[in-house]
Structures are given as structure tokens and as C-alpha cells.
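Enquirer: Data: protein.cif, mmCIF, C-alpha atoms, pLDDT in the B column; chains and numbers go by the auth columns.
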```cif
data_structure
#
loop_
_atom_site.group_PDB
_atom_site.id
_atom_site.type_symbol
_atom_site.label_atom_id
_atom_site.label_comp_id
_atom_site.label_asym_id
_atom_site.label_seq_id
_atom_site.Cartn_x
_atom_site.Cartn_y
_atom_site.Cartn_z
_atom_site.B_iso_or_equiv
_atom_site.auth_seq_id
_atom_site.auth_asym_id
ATOM 1 C CA MET A 1 13.188 5.142 0.838 89.00 676 B
ATOM 2 C CA ASN A 2 10.406 4.371 3.308 94.00 677 B
ATOM 3 C CA SER A 3 8.632 1.059 3.758 96.00 678 B
ATOM 4 C CA ILE A 4 5.610 2.085 1.672 97.00 679 B
ATOM 5 C CA GLN A 5 7.812 3.199 -1.224 96.00 680 B
ATOM 6 C CA GLU A 6 9.597 -0.153 -1.065 97.00 681 B
ATOM 7 C CA LEU A 7 6.223 -1.892 -1.116 97.00 682 B
ATOM 8 C CA PHE A 8 5.152 0.011 -4.228 97.00 683 B
ATOM 9 C CA GLN A 9 8.370 -1.039 -5.971 96.00 684 B
ATOM 10 C CA LYS A 10 7.344 -4.660 -5.491 96.00 685 B
ATOM 11 C CA LYS A 11 3.634 -4.205 -6.147 97.00 686 B
ATOM 12 C CA ASP A 12 1.821 -1.152 -7.397 93.00 687 B
ATOM 13 C CA LYS A 13 -1.748 -2.300 -7.987 96.00 688 B
ATOM 14 C CA ASP A 14 -4.518 -4.084 -6.095 97.00 689 B
ATOM 15 C CA LEU A 15 -2.901 -3.334 -2.748 98.00 690 B
ATOM 16 C CA LEU A 16 -5.078 -4.209 0.215 98.00 691 B
ATOM 17 C CA SER A 17 -4.671 -2.293 3.440 98.00 692 B
ATOM 18 C CA ILE A 18 -6.657 -3.021 6.585 98.00 693 B
ATOM 19 C CA TYR A 19 -7.324 -0.474 9.315 97.00 694 B
ATOM 20 C CA PHE A 20 -7.833 -1.676 12.862 97.00 695 B
ATOM 21 C CA THR A 21 -8.050 -0.026 16.279 97.00 696 B
ATOM 22 C CA SER A 22 -5.195 -0.776 18.673 98.00 697 B
ATOM 23 C CA GLY A 23 -6.330 -2.516 21.849 98.00 698 B
ATOM 24 C CA TYR A 24 -9.577 -3.784 20.299 97.00 699 B
ATOM 25 C CA PRO A 25 -11.449 -6.007 20.913 97.00 700 B
ATOM 26 C CA LYS A 26 -9.096 -6.718 23.842 97.00 701 B
ATOM 27 C CA LEU A 27 -6.097 -4.803 25.138 98.00 702 B
ATOM 28 C CA GLU A 28 -3.619 -7.504 24.114 97.00 703 B
ATOM 29 C CA ASP A 29 -5.083 -8.028 20.624 98.00 704 B
ATOM 30 C CA THR A 30 -2.979 -5.392 18.821 98.00 705 B
ATOM 31 C CA THR A 31 -0.103 -7.709 17.952 98.00 706 B
ATOM 32 C CA LYS A 32 -2.423 -10.656 17.326 98.00 707 B
ATOM 33 C CA VAL A 33 -4.356 -8.680 14.710 98.00 708 B
ATOM 34 C CA ILE A 34 -1.163 -7.526 12.978 98.00 709 B
ATOM 35 C CA SER A 35 0.270 -11.056 12.892 98.00 710 B
ATOM 36 C CA SER A 36 -2.941 -12.497 11.473 98.00 711 B
ATOM 37 C CA LEU A 37 -3.273 -9.776 8.821 98.00 712 B
ATOM 38 C CA GLU A 38 0.331 -10.358 7.761 97.00 713 B
ATOM 39 C CA LYS A 39 -0.194 -14.104 7.599 97.00 714 B
ATOM 40 C CA ASN A 40 -3.262 -13.623 5.413 97.00 715 B
ATOM 41 C CA GLY A 41 -1.497 -11.506 2.798 97.00 716 B
ATOM 42 C CA VAL A 42 -2.527 -7.920 3.586 98.00 717 B
ATOM 43 C CA ASP A 43 -0.121 -5.526 1.848 98.00 718 B
ATOM 44 C CA PHE A 44 0.093 -2.878 4.557 98.00 719 B
ATOM 45 C CA ILE A 45 -1.676 -2.261 7.840 98.00 720 B
ATOM 46 C CA GLU A 46 -3.128 0.967 9.203 98.00 721 B
ATOM 47 C CA VAL A 47 -2.796 0.969 12.991 98.00 722 B
ATOM 48 C CA GLY A 48 -5.426 3.212 14.568 97.00 723 B
ATOM 49 C CA LEU A 49 -4.557 5.135 17.723 97.00 724 B
ATOM 50 C CA PRO A 50 -7.749 5.237 19.823 95.00 725 B
ATOM 51 C CA TYR A 51 -8.883 8.768 20.538 88.00 726 B
ATOM 52 C CA SER A 52 -11.802 10.211 22.459 81.00 727 B
ATOM 53 C CA ASP A 53 -12.790 12.660 19.703 72.00 728 B
ATOM 54 C CA PRO A 54 -11.993 11.050 16.329 58.00 729 B
ATOM 55 C CA ILE A 55 -13.442 13.621 13.914 64.00 730 B
ATOM 56 C CA ALA A 56 -12.860 11.541 10.759 59.00 731 B
ATOM 57 C CA ASP A 57 -14.304 8.309 12.114 65.00 732 B
ATOM 58 C CA GLY A 58 -17.835 6.973 11.963 74.00 733 B
ATOM 59 C CA PRO A 59 -19.744 5.186 14.719 84.00 734 B
ATOM 60 C CA THR A 60 -18.122 1.767 14.227 86.00 735 B
ATOM 61 C CA ILE A 61 -14.563 3.007 14.680 89.00 736 B
ATOM 62 C CA GLN A 62 -15.639 5.465 17.371 89.00 737 B
ATOM 63 C CA GLU A 63 -17.147 2.595 19.347 93.00 738 B
ATOM 64 C CA SER A 64 -14.025 0.466 18.919 95.00 739 B
ATOM 65 C CA SER A 65 -11.890 3.386 20.122 94.00 740 B
ATOM 66 C CA GLN A 66 -14.063 3.824 23.177 94.00 741 B
ATOM 67 C CA ILE A 67 -13.817 0.125 24.021 96.00 742 B
ATOM 68 C CA ALA A 68 -10.045 0.185 23.531 97.00 743 B
ATOM 69 C CA LEU A 69 -9.717 3.188 25.830 96.00 744 B
ATOM 70 C CA GLU A 70 -11.869 1.439 28.418 97.00 745 B
ATOM 71 C CA ASN A 71 -9.543 -1.572 28.047 97.00 746 B
ATOM 72 C CA GLY A 72 -6.743 0.734 29.186 98.00 747 B
ATOM 73 C CA ILE A 73 -4.939 1.344 25.901 98.00 748 B
ATOM 74 C CA ASN A 74 -2.672 4.370 25.559 97.00 749 B
ATOM 75 C CA LEU A 75 0.225 5.412 23.344 98.00 750 B
ATOM 76 C CA ASP A 76 2.877 4.003 25.658 98.00 751 B
ATOM 77 C CA ILE A 77 1.215 0.585 25.580 98.00 752 B
ATOM 78 C CA ILE A 78 0.700 0.743 21.811 98.00 753 B
ATOM 79 C CA PHE A 79 4.345 1.575 21.153 98.00 754 B
ATOM 80 C CA GLU A 80 5.405 -1.171 23.539 98.00 755 B
ATOM 81 C CA GLN A 81 3.146 -3.663 21.744 98.00 756 B
ATOM 82 C CA LEU A 82 4.483 -2.626 18.333 98.00 757 B
ATOM 83 C CA SER A 83 8.058 -2.939 19.569 97.00 758 B
ATOM 84 C CA THR A 84 7.477 -6.576 20.487 97.00 759 B
ATOM 85 C CA ILE A 85 6.710 -7.522 16.876 96.00 760 B
ATOM 86 C CA LYS A 86 9.209 -5.273 15.113 94.00 761 B
ATOM 87 C CA GLU A 87 11.662 -8.092 14.451 91.00 762 B
ATOM 88 C CA THR A 88 9.097 -10.583 13.145 94.00 763 B
ATOM 89 C CA ASN A 89 6.622 -8.376 11.275 96.00 764 B
ATOM 90 C CA THR A 90 7.472 -7.728 7.620 95.00 765 B
ATOM 91 C CA THR A 91 4.256 -5.942 6.604 98.00 766 B
ATOM 92 C CA PRO A 92 4.549 -2.128 6.554 98.00 767 B
ATOM 93 C CA LEU A 93 2.644 -0.413 9.362 98.00 768 B
ATOM 94 C CA VAL A 94 1.113 3.053 9.095 98.00 769 B
ATOM 95 C CA LEU A 95 -0.009 4.876 12.238 98.00 770 B
ATOM 96 C CA MET A 96 -3.275 6.797 12.038 96.00 771 B
ATOM 97 C CA GLY A 97 -4.018 9.267 14.821 96.00 772 B
ATOM 98 C CA TYR A 98 -4.838 12.882 15.580 95.00 773 B
ATOM 99 C CA LEU A 99 -2.720 15.972 16.098 96.00 774 B
ATOM 100 C CA ASN A 100 -3.729 16.433 19.729 95.00 775 B
ATOM 101 C CA GLN A 101 -2.433 12.944 20.541 96.00 776 B
ATOM 102 C CA LEU A 102 0.949 13.828 19.084 97.00 777 B
ATOM 103 C CA LEU A 103 1.053 17.165 20.926 97.00 778 B
ATOM 104 C CA LYS A 104 0.017 15.677 24.261 97.00 779 B
ATOM 105 C CA TYR A 105 2.525 12.833 23.972 98.00 780 B
ATOM 106 C CA GLY A 106 5.300 15.160 22.848 98.00 781 B
ATOM 107 C CA GLU A 107 6.349 15.673 19.235 98.00 782 B
ATOM 108 C CA ASP A 108 9.890 14.368 19.511 98.00 783 B
ATOM 109 C CA LYS A 109 8.897 11.585 21.894 98.00 784 B
ATOM 110 C CA PHE A 110 6.212 10.474 19.413 98.00 785 B
ATOM 111 C CA CYS A 111 8.599 10.503 16.473 98.00 786 B
ATOM 112 C CA LYS A 112 11.294 8.639 18.410 98.00 787 B
ATOM 113 C CA ALA A 113 8.754 6.001 19.447 98.00 788 B
ATOM 114 C CA CYS A 114 7.672 5.536 15.826 98.00 789 B
ATOM 115 C CA VAL A 115 11.262 5.061 14.692 97.00 790 B
ATOM 116 C CA ALA A 116 11.924 2.616 17.527 97.00 791 B
ATOM 117 C CA CYS A 117 8.978 0.525 16.307 96.00 792 B
ATOM 118 C CA GLY A 118 10.137 0.614 12.694 95.00 793 B
ATOM 119 C CA ILE A 119 7.274 2.870 11.611 97.00 794 B
ATOM 120 C CA ASP A 120 8.045 5.557 9.042 98.00 795 B
ATOM 121 C CA THR A 121 4.591 6.604 7.818 98.00 796 B
ATOM 122 C CA VAL A 122 1.784 8.384 9.675 98.00 797 B
ATOM 123 C CA ILE A 123 -1.691 9.665 8.852 97.00 798 B
ATOM 124 C CA ILE A 124 -2.853 12.677 10.839 96.00 799 B
ATOM 125 C CA PRO A 125 -6.153 13.780 9.251 94.00 800 B
ATOM 126 C CA ASP A 126 -6.468 17.039 11.195 94.00 801 B
ATOM 127 C CA LEU A 127 -2.910 18.275 10.605 96.00 802 B
ATOM 128 C CA PRO A 128 -3.310 21.670 8.874 95.00 803 B
ATOM 129 C CA MET A 129 -1.297 22.118 5.705 95.00 804 B
ATOM 130 C CA VAL A 130 0.212 25.378 6.976 96.00 805 B
ATOM 131 C CA GLU A 131 1.403 23.638 10.158 97.00 806 B
ATOM 132 C CA PHE A 132 2.939 20.886 8.058 97.00 807 B
ATOM 133 C CA GLU A 133 4.760 23.360 5.839 97.00 808 B
ATOM 134 C CA ASN A 134 5.967 25.560 8.704 97.00 809 B
ATOM 135 C CA HIS A 135 6.935 22.916 11.246 98.00 810 B
ATOM 136 C CA TYR A 136 6.032 19.241 10.839 98.00 811 B
ATOM 137 C CA ARG A 137 7.612 18.742 7.430 98.00 812 B
ATOM 138 C CA ALA A 138 11.064 19.489 8.871 98.00 813 B
ATOM 139 C CA LEU A 139 10.337 17.601 12.086 98.00 814 B
ATOM 140 C CA PHE A 140 9.168 14.463 10.294 98.00 815 B
ATOM 141 C CA ASP A 141 12.032 14.661 7.802 98.00 816 B
ATOM 142 C CA SER A 142 14.524 14.764 10.657 98.00 817 B
ATOM 143 C CA TYR A 143 13.197 11.404 11.872 98.00 818 B
ATOM 144 C CA GLY A 144 12.666 9.852 8.435 98.00 819 B
ATOM 145 C CA ILE A 145 8.888 9.916 8.855 98.00 820 B
ATOM 146 C CA THR A 146 6.483 10.747 6.058 97.00 821 B
ATOM 147 C CA ASN A 147 2.957 12.109 6.466 97.00 822 B
ATOM 148 C CA VAL A 148 0.047 10.909 4.348 98.00 823 B
ATOM 149 C CA PHE A 149 -2.411 13.605 3.299 97.00 824 B
ATOM 150 C CA LEU A 150 -6.092 13.019 2.618 97.00 825 B
ATOM 151 C CA ILE A 151 -8.087 14.464 -0.253 97.00 826 B
ATOM 152 C CA THR A 152 -11.876 14.494 -0.662 95.00 827 B
ATOM 153 C CA PRO A 153 -14.286 15.278 -3.522 94.00 828 B
ATOM 154 C CA HIS A 154 -14.175 18.905 -2.353 93.00 829 B
ATOM 155 C CA THR A 155 -10.391 19.294 -2.330 96.00 830 B
ATOM 156 C CA SER A 156 -9.272 21.895 -4.873 96.00 831 B
ATOM 157 C CA GLU A 157 -6.952 20.982 -7.717 97.00 832 B
ATOM 158 C CA GLU A 158 -4.389 23.466 -6.400 97.00 833 B
ATOM 159 C CA ARG A 159 -4.317 21.774 -2.999 97.00 834 B
ATOM 160 C CA ILE A 160 -4.199 18.287 -4.551 98.00 835 B
ATOM 161 C CA ARG A 161 -1.169 19.228 -6.628 98.00 836 B
ATOM 162 C CA LYS A 162 0.535 20.725 -3.581 97.00 837 B
ATOM 163 C CA ILE A 163 -0.150 17.519 -1.653 98.00 838 B
ATOM 164 C CA ASP A 164 1.243 15.569 -4.602 98.00 839 B
ATOM 165 C CA SER A 165 4.483 17.550 -4.367 97.00 840 B
ATOM 166 C CA PHE A 166 4.815 16.723 -0.634 96.00 841 B
ATOM 167 C CA THR A 167 3.897 13.049 -0.867 97.00 842 B
ATOM 168 C CA LYS A 168 6.505 10.352 -0.247 96.00 843 B
ATOM 169 C CA ALA A 169 4.181 7.420 0.440 97.00 844 B
ATOM 170 C CA PHE A 170 0.704 7.755 -1.081 98.00 845 B
ATOM 171 C CA ILE A 171 -2.251 10.096 -1.239 98.00 846 B
ATOM 172 C CA TYR A 172 -5.258 8.894 0.733 98.00 847 B
ATOM 173 C CA VAL A 173 -8.251 9.394 -1.546 97.00 848 B
ATOM 174 C CA VAL A 174 -11.303 9.700 0.694 95.00 849 B
ATOM 175 C CA ALA A 175 -14.121 8.103 -1.256 90.00 850 B
ATOM 176 C CA SER A 176 -16.806 10.482 0.001 75.00 851 B
ATOM 177 C CA ALA A 177 -16.966 13.776 1.856 62.00 852 B
ATOM 178 C CA SER A 178 -18.085 12.145 5.086 54.00 853 B
ATOM 179 C CA ILE A 179 -16.857 10.104 8.043 48.00 854 B
ATOM 180 C CA THR A 180 -15.628 6.527 7.789 50.00 855 B
ATOM 181 C CA GLY A 181 -18.057 3.651 7.500 46.00 856 B
ATOM 182 C CA ALA A 182 -19.198 0.917 5.146 47.00 857 B
ATOM 183 C CA LYS A 183 -21.742 2.366 2.740 54.00 858 B
ATOM 184 C CA GLY A 184 -22.592 -0.388 0.280 62.00 859 B
ATOM 185 C CA GLU A 185 -21.887 -0.014 -3.421 75.00 860 B
ATOM 186 C CA ILE A 186 -19.726 2.737 -4.875 88.00 861 B
ATOM 187 C CA SER A 187 -21.918 5.331 -6.584 89.00 862 B
ATOM 188 C CA ASN A 188 -21.551 6.771 -10.076 91.00 863 B
ATOM 189 C CA GLN A 189 -20.766 10.109 -8.456 93.00 864 B
ATOM 190 C CA GLN A 190 -17.847 8.558 -6.590 93.00 865 B
ATOM 191 C CA ILE A 191 -16.589 6.877 -9.754 94.00 866 B
ATOM 192 C CA ALA A 192 -16.650 10.240 -11.548 95.00 867 B
ATOM 193 C CA TYR A 193 -14.559 11.653 -8.696 96.00 868 B
ATOM 194 C CA PHE A 194 -12.081 8.756 -8.916 96.00 869 B
ATOM 195 C CA GLU A 195 -11.811 9.246 -12.659 96.00 870 B
ATOM 196 C CA ARG A 196 -11.146 12.959 -12.165 97.00 871 B
ATOM 197 C CA ILE A 197 -8.321 12.293 -9.728 97.00 872 B
ATOM 198 C CA LYS A 198 -6.852 9.556 -11.902 95.00 873 B
ATOM 199 C CA GLY A 199 -7.039 11.906 -14.881 96.00 874 B
ATOM 200 C CA MET A 200 -4.852 14.465 -13.095 97.00 875 B
ATOM 201 C CA ASN A 201 -1.877 12.144 -13.716 97.00 876 B
ATOM 202 C CA LEU A 202 -0.375 12.804 -10.303 98.00 877 B
ATOM 203 C CA GLU A 203 3.132 11.630 -9.467 97.00 878 B
ATOM 204 C CA SER A 204 1.973 9.971 -6.226 98.00 879 B
ATOM 205 C CA LYS A 205 0.416 6.588 -5.692 98.00 880 B
ATOM 206 C CA LEU A 206 -3.278 6.641 -4.791 98.00 881 B
ATOM 207 C CA ILE A 207 -5.034 4.592 -2.124 98.00 882 B
ATOM 208 C CA ILE A 208 -8.813 4.866 -1.734 97.00 883 B
ATOM 209 C CA GLY A 209 -10.483 4.633 1.669 95.00 884 B
ATOM 210 C CA PHE A 210 -13.764 5.331 3.520 91.00 885 B
ATOM 211 C CA GLY A 211 -16.662 3.101 2.483 88.00 886 B
ATOM 212 C CA ILE A 212 -14.605 0.217 1.070 94.00 887 B
ATOM 213 C CA SER A 213 -16.060 -2.882 2.684 93.00 888 B
ATOM 214 C CA ASP A 214 -15.845 -6.041 0.560 94.00 889 B
ATOM 215 C CA LYS A 215 -14.412 -7.630 -2.586 96.00 890 B
ATOM 216 C CA GLN A 216 -16.772 -5.729 -4.902 95.00 891 B
ATOM 217 C CA THR A 217 -16.009 -2.273 -3.558 95.00 892 B
ATOM 218 C CA PHE A 218 -12.315 -3.128 -3.250 96.00 893 B
ATOM 219 C CA ASN A 219 -12.092 -4.247 -6.879 96.00 894 B
ATOM 220 C CA THR A 220 -13.963 -1.165 -8.060 96.00 895 B
ATOM 221 C CA ALA A 221 -11.658 1.157 -6.120 96.00 896 B
ATOM 222 C CA CYS A 222 -8.582 -0.593 -7.522 97.00 897 B
ATOM 223 C CA LYS A 223 -9.655 0.274 -11.060 97.00 898 B
ATOM 224 C CA TYR A 224 -8.943 3.919 -10.264 97.00 899 B
ATOM 225 C CA ALA A 225 -6.130 3.685 -7.705 98.00 900 B
ATOM 226 C CA ASN A 226 -3.207 1.526 -6.636 98.00 901 B
ATOM 227 C CA GLY A 227 -5.207 -0.023 -3.830 98.00 902 B
ATOM 228 C CA ALA A 228 -7.757 0.514 -1.101 98.00 903 B
ATOM 229 C CA ILE A 229 -8.176 0.525 2.664 97.00 904 B
ATOM 230 C CA ILE A 230 -10.908 -1.349 4.496 97.00 905 B
ATOM 231 C CA GLY A 231 -11.634 -0.155 8.023 94.00 906 B
ATOM 232 C CA SER A 232 -15.130 -0.079 9.488 93.00 907 B
ATOM 233 C CA ALA A 233 -16.237 -3.349 7.875 94.00 908 B
ATOM 234 C CA PHE A 234 -13.204 -5.117 9.333 97.00 909 B
ATOM 235 C CA ILE A 235 -13.704 -3.565 12.772 96.00 910 B
ATOM 236 C CA LYS A 236 -17.325 -4.690 12.751 95.00 911 B
ATOM 237 C CA TYR A 237 -16.294 -8.208 11.744 97.00 912 B
ATOM 238 C CA LEU A 238 -13.560 -8.297 14.361 97.00 913 B
ATOM 239 C CA GLY A 239 -15.969 -7.251 17.084 95.00 914 B
ATOM 240 C CA SER A 240 -18.372 -10.061 16.183 96.00 915 B
ATOM 241 C CA ASN A 241 -15.943 -12.848 15.299 97.00 916 B
ATOM 242 C CA GLY A 242 -12.727 -12.163 17.192 94.00 917 B
ATOM 243 C CA VAL A 243 -9.091 -12.387 16.171 96.00 918 B
ATOM 244 C CA ASP A 244 -9.033 -16.120 15.445 96.00 919 B
ATOM 245 C CA LYS A 245 -11.254 -15.834 12.349 96.00 920 B
ATOM 246 C CA ILE A 246 -9.614 -12.898 10.563 98.00 921 B
ATOM 247 C CA ASN A 247 -8.723 -15.178 7.634 97.00 922 B
ATOM 248 C CA ASN A 248 -12.424 -15.590 6.832 97.00 923 B
ATOM 249 C CA PHE A 249 -12.680 -11.839 6.266 98.00 924 B
ATOM 250 C CA ILE A 250 -9.505 -11.401 4.217 98.00 925 B
ATOM 251 C CA LYS A 251 -9.543 -14.428 1.919 96.00 926 B
ATOM 252 C CA PRO A 252 -12.750 -13.565 -0.010 96.00 927 B
ATOM 253 C CA ILE A 253 -11.322 -10.121 -0.798 97.00 928 B
ATOM 254 C CA ILE A 254 -7.934 -11.164 -2.164 92.00 929 B
ATOM 255 C CA SER A 255 -9.004 -14.438 -3.768 84.00 930 B
#
```
Can you give me the file's structure in the form of C-alpha cells?
Expert:
Amino acid sequence: MNSIQELFQKKDKDLLSIYFTSGYPKLEDTTKVISSLEKNGVDFIEVGLPYSDPIADGPTIQESSQIALENGINLDIIFEQLSTIKETNTTPLVLMGYLNQLLKYGEDKFCKACVACGIDTVIIPDLPMVEFENHYRALFDSYGITNVFLITPHTSEERIRKIDSFTKAFIYVVASASITGAKGEISNQQIAYFERIKGMNLESKLIIGFGISDKQTFNTACKYANGAIIGSAFIKYLGSNGVDKINNFIKPIIS
């Protein structure tokens, strides 16, 4: 049983996840952000691996990735930072990165580094399903790592049900067929999409992301899923207010 499955056994609704970019705003802030998010009651944390060509990310996260890369962040540093808090952090961590990062770093080296940091769940948005079935499923299984798949309003029912059969953590329900970014209120069209997915009665837990930015959008998303992920809005806040005031962002959402 992985850390996310254990989390769902304890709590299976209104889960709040926060995405942040490693090495942002400052190189040494990775562990500080994780510690503060844990202290403020976030249920699980999505650790972004800065990348020069993040196809799923909007301008806010792209900018944070660029700043982190300019700060000197890389996978070796990230894994080293995560190792330093392994013994004290009790909040599940999920790594979010891109396939090219894994390939360049080395598949086995990447998986070993994840295990050494206590991480057992990854999100790789551009990992093709056929590559997962033919290679990465067995590779990840051999290291006890599970991959989270994303679905969008355009994902076919056949593919969703296949993803459901592979899922060991949760399905990432992308709220709109676009890049990440805070977009204001959730539209009726999005709600119809959430209702359609919920009505499929999938076996997997559902977490909604992309465009979730505040208490209102979080609460709305949680009506149709087990929880939601806030990313761009938090990154924007972090860039303006720094690590020391993270509690002022989290408390209004979970209160």
C-alpha cells in the first residue's frame, strides 16, 4: 500500500493538495515550503520538478520553473533536499515532472532516488499510455512506485476506464482542456464534466486540478471528487509573500 492509499484510508473527502515548484522562490526553499504546508494541515503535497519546457503548465508555473532553474536547481539537489526531511515529514509527497527529465536522469537512478526519499507516487503528464503499458508499468512496480494519470474533458470513456484499472493512487481530473492557471469560478460546463466523471462510478479516487485557486473553487471541486489540487494560485502567492506567510494562504481554504 502506498502513502496516498494510506491517506485515503484515513480521509477520503475534502483532501487539499498544494503544488509548488522546487527551488522557488529561492534554491533552499524546497524543504521550508514542505514543512510549512505540513504544519498548516495540507493533506498531500505535489512537488514540481522545474523543467525548461513544461507543456502542461501555464505562465505562472513556467515562470517559477525558470526562476528555480536560474537559482541552480536540478534533480540531484531536489532529491538531496527531499532526503533531508524524509525522517521528519509525515505528509505524502508526489513528484510531478516530465518524461524527458526521467530519461535524461536515468530511469533506474530516478526510481532509486524516489525510493530513497520515501516517495512512491509520481505524475508524468506526457508519459504515453503505450509506453506505460509496455515498459514503465513494470519498471515502476519493481520499485513500488505508482504513476498518476491525468484525464481531461476530451478523454474517451474507454481510456478513462483503462486508466481506472491501472490506478493505485488517484486519477488526476484536469478541470479544463488547457494549461494550468487560476481561472476564477468553475463554469457550468466544468460542473457537467465533473458530474459525468463522478457518474461513471470509477473504482479510483478522484482529485481535481487546474484552475482551483481558493476556498470557493476548492469546495466546489470537492463536491464531485475526493479533493483538489491548488497550484498556480499558491505559486503566485508564494512569489509575492514568501515562505513565512504560507499559513495565510492555507487557513482560509481549510477553515
Enquirer: When you count only C-alpha atoms, which of these residues is closest to Leu877 in chain B: B:Ile838, B:Leu770, B:Ile693, B:Val790?
Expert: B:Ile838
Enquirer: Taking (-8.0, 7.9, -2.7) in the coordinates of the supplied file, I want to know which residues reach to within 8 Å of it, counting all atoms listed in the file; could you give the answer as a PyMOL selection string?
Expert: chain B and resi 825-827+846-850+869+881-884+900+903
Enquirer: Excluding range 793-801 of chain B and its own-chain neighbours fewer than 2 positions away, which residues fall within 7 Å of it when counting only C-alpha atoms? Please give them as a short mmCIF file (atom, residue, chain, number, x, y, z; two decimals) with C-alpha atoms, keeping the file's coordinate frame.
Expert:
```
data_model
loop_
_atom_site.label_atom_id
_atom_site.label_comp_id
_atom_site.auth_asym_id
_atom_site.auth_seq_id
_atom_site.Cartn_x
_atom_site.Cartn_y
_atom_site.Cartn_z
CA ASN B 677 10.41 4.37 3.31
CA SER B 678 8.63 1.06 3.76
CA LYS B 761 9.21 -5.27 15.11
CA LEU B 768 2.64 -0.41 9.36
CA VAL B 769 1.11 3.05 9.10
CA LEU B 770 -0.01 4.88 12.24
CA MET B 771 -3.28 6.80 12.04
CA GLY B 772 -4.02 9.27 14.82
CA TYR B 773 -4.84 12.88 15.58
CA LEU B 774 -2.72 15.97 16.10
CA CYS B 789 7.67 5.54 15.83
CA VAL B 790 11.26 5.06 14.69
CA ALA B 791 11.92 2.62 17.53
CA PRO B 803 -3.31 21.67 8.87
CA GLY B 819 12.67 9.85 8.44
CA ILE B 820 8.89 9.92 8.86
CA THR B 821 6.48 10.75 6.06
CA ASN B 822 2.96 12.11 6.47
CA VAL B 823 0.05 10.91 4.35
CA PHE B 824 -2.41 13.60 3.30
CA LEU B 825 -6.09 13.02 2.62
#
```
Enquirer: So, with all atoms listed in the file as the atoms that count, which of B:Glu860, B:Glu806, B:Glu832, B:Asp889 lies closest to Gly874 in chain B?
Expert: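 The shortest atom-to-atom distance to Gly874 in chain B comes from B:Glu832.
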Enquirer: Expanded to explicit residues, what is the PyMOL selection byres ((chain B and resi 755) around 12) for this file, as a ChimeraX atom specification?
Expert: /B:697-698,703,705-706,748-754,756-761,788-789,791-793
Enquirer: Could you tell me which residues the PyMOL selection byres ((chain B and resi 891) around 12) grabs in this file, written as a PyMOL selection string?
Expert: chain B and resi 859-861+886-890+892-898+903+905+927-930
Enquirer: Specify as a list in words each residue included when the PyMOL selection byres ((chain B and resi 875) around 12) is applied to this file.
Expert: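 That selection, the PyMOL selection byres ((chain B and resi 875) around 12), comes back as Ser831, Glu832, Glu833, Ile835, Arg836, Asp839, Tyr868, Phe869, Glu870, Arg871, Ile872, Lys873, Gly874, Asn876, Leu877, Glu878, Ser879, Leu881 and Tyr899 of chain B.
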Enquirer: Select, from B:Lys714, B:His810, B:Lys843, B:Lys779, the residue with the minimum atom-to-atom distance to Ile925 in chain B, counting only C-alpha atoms.
Expert: B:Lys714
Enquirer: Which residue is closest to Arg812 in chain B? Choose from B:Phe683, B:Tyr699, B:Phe841, B:Phe885 and count only C-alpha atoms.
Expert: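 Looking at the shortest contact to Arg812 in chain B, the residue is B:Phe841.
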Enquirer: Quick one: of B:Thr735, B:Ser817, B:Gln741, B:Ser692, who's nearest to Val722 in chain B, counting all atoms listed in the file?
Expert: B:Ser692
Enquirer: So, counting all atoms listed in the file, which residue among B:Pro725, B:Lys701, B:Leu682, B:Gly716 is closest to Phe924 in chain B?
Expert: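 For Phe924 in chain B, the nearest of the given residues is B:Gly716.
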Enquirer: So the first atom is CA of Ile679 in chain B and the second is CA of Glu782 in chain B; what is the distance between them in Å, to one decimal place?
Expert: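 That distance, rounded to one decimal, is 22.2 Å.
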Enquirer: Report, in Å to a single decimal, how far apart CA of Ile709 in chain B and CA of Ala908 in chain B are.
Expert: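 According to the coordinates, CA of Ala908 in chain B and CA of Ile709 in chain B are separated by 16.5 Å.
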Enquirer: How far is it from CA of Lys837 in chain B to CA of Tyr811 in chain B, in Å with one decimal?
Expert: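 Here the two named atoms are 15.5 Å from each other.
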